[in-house]
Amino acid sequence: MDRSIRIAKDLLSIKAVFFRPEEPFTWASGIKSPVYCDNRLTLSDAVVRTDVENSLAKLVRENYPEVEVLMGTSTAGIAHAAIAAHILGLPMGYVRSGAKDHGRQNRIEGRLEPGQRVVVVEDLISTGGSVIDVVEALREAGAEVLGIVSIFTYGMQKGLERLANAKVRNVSLTNFDCIVAVAAEEGYIKPEDVSRLKAFRDNPSDESWIGGAK
């Protein structure tokens, strides 16, 4: 089975990703979303966790074979970076959203030497702002950021543009279109919801998909 389909099935089976187009969720930005995504739930299911973490490790090996350190995003990427690094036999650390206001006032936790080749581990990417902040912090610290691996990406235009402008590559285990297709096939959503969900992905600020608009 294709990896992206298998991971999509994993995430749907444990409700790490599920759809509620009739009762949208509201993001912190105020955007209404038909999708709920909490990849932390993968950590609570031993079978799914094993599949996700082994797949992340393979994704790193396949795309960034010269990697020396994995760095997780705070907080959701930390556990995934730690487990994948263990599988790969690599050191890991993580990057805070801001520097601590006490102690050594670190933003980057764990050992990182200037010039080391780093891969960032993120759980999901929507508009890309938070993961790019992490990439920039690592670059400022002298790291060579090879790219990003993530469990799930929405494929939103804003996120794709931000990644391109930051000159950083992201590779995900699965993506929005794949999960939507699997969700429709397995009865998590109605077939007629597919176009509504893709309309949200294409333009999250346009709420015309709500209430059955196609």
# chains A, B, ... in the order shown; residues from 1 in each chain; ligands from 1

call {"tool": "residues_around", "arguments": {"residues": "Gly30 (chain A)", "least_positions_apart": "4", "cutoff": "10 Å", "atoms": "only C-alpha atoms", "output": "list in words"}}
result
Phe25, Thr26 and Ser205 of chain A

call {"tool": "residues_around", "arguments": {"residues": "region 190-199 of chain A", "least_positions_apart": "6", "cutoff": "10 Å", "atoms": "only C-alpha atoms", "output": "NGL selection string"}}
result
:A and (19-22 or 33-35 or 154 or 156 or 176-177 or 180-181 or 183-184 or 206-214)

call {"tool": "write_last_selection", "arguments": {"atoms": "C-alpha atoms", "output": "PDB file, in the first residue's frame"}}
result
ATOM      1  CA  PHE A  19     -13.679  16.149   9.403  1.00  0.00           C
ATOM      2  CA  ARG A  20     -16.653  18.173  10.562  1.00  0.00           C
ATOM      3  CA  PRO A  21     -17.773  20.255   7.569  1.00  0.00           C
ATOM      4  CA  GLU A  22     -21.235  20.870   9.032  1.00  0.00           C
ATOM      5  CA  SER A  33     -11.967  24.951   9.344  1.00  0.00           C
ATOM      6  CA  PRO A  34     -13.788  21.700   8.524  1.00  0.00           C
ATOM      7  CA  VAL A  35     -10.729  19.734   9.675  1.00  0.00           C
ATOM      8  CA  TYR A 154      -2.515  20.882   4.123  1.00  0.00           C
ATOM      9  CA  MET A 156      -2.256  25.575   1.355  1.00  0.00           C
ATOM     10  CA  PHE A 176      -4.777  16.900   2.711  1.00  0.00           C
ATOM     11  CA  ASP A 177      -5.905  15.586  -0.678  1.00  0.00           C
ATOM     12  CA  VAL A 180      -9.831  13.600   1.954  1.00  0.00           C
ATOM     13  CA  ALA A 181      -9.858  10.852  -0.672  1.00  0.00           C
ATOM     14  CA  ALA A 183     -12.027   9.668   4.201  1.00  0.00           C
ATOM     15  CA  ALA A 184     -14.588   9.692   1.376  1.00  0.00           C
ATOM     16  CA  ASP A 206     -13.428  32.165   1.719  1.00  0.00           C
ATOM     17  CA  GLU A 207     -16.188  30.584   3.802  1.00  0.00           C
ATOM     18  CA  SER A 208     -18.544  29.865   0.905  1.00  0.00           C
ATOM     19  CA  TRP A 209     -17.971  26.123   1.371  1.00  0.00           C
ATOM     20  CA  ILE A 210     -19.818  26.259   4.721  1.00  0.00           C
ATOM     21  CA  GLY A 211     -23.438  25.150   4.747  1.00  0.00           C
ATOM     22  CA  GLY A 212     -23.273  22.947   1.703  1.00  0.00           C
ATOM     23  CA  ALA A 213     -21.866  25.430  -0.828  1.00  0.00           C
ATOM     24  CA  LYS A 214     -19.928  23.605  -3.530  1.00  0.00           C
TER      25      LYS A 214
END

call {"tool": "residues_around", "arguments": {"residues": "Cys37 (chain A)", "least_positions_apart": "4", "cutoff": "10 Å", "atoms": "only C-alpha atoms", "output": "PyMOL selection string"}}
result
chain A and resi 11-12+15-19+41+123-124+152

call {"tool": "residues_around", "arguments": {"residues": "Glu161 (chain A)", "least_positions_apart": "5", "cutoff": "10 Å", "atoms": "only C-alpha atoms", "output": "mmCIF file with N, CA and C atoms, in the first residue's frame"}}
result
data_model
loop_
_atom_site.group_PDB
_atom_site.id
_atom_site.type_symbol
_atom_site.label_atom_id
_atom_site.label_comp_id
_atom_site.auth_asym_id
_atom_site.auth_seq_id
_atom_site.Cartn_x
_atom_site.Cartn_y
_atom_site.Cartn_z
ATOM 1 N N THR A 127 -0.140 26.997 7.262
ATOM 2 C CA THR A 127 0.375 28.195 6.584
ATOM 3 C C THR A 127 1.891 28.297 6.646
ATOM 4 N N GLY A 128 2.535 27.434 7.449
ATOM 5 C CA GLY A 128 3.990 27.333 7.437
ATOM 6 C C GLY A 128 4.740 28.306 8.315
ATOM 7 N N MET A 156 -1.692 24.242 1.589
ATOM 8 C CA MET A 156 -2.256 25.575 1.355
ATOM 9 C C MET A 156 -1.273 26.441 0.595
ATOM 10 N N ALA A 166 11.404 30.903 1.837
ATOM 11 C CA ALA A 166 12.433 30.603 2.835
ATOM 12 C C ALA A 166 13.484 29.640 2.294
ATOM 13 N N LYS A 167 13.274 29.181 1.064
ATOM 14 C CA LYS A 167 14.202 28.242 0.412
ATOM 15 C C LYS A 167 14.411 26.988 1.265
#
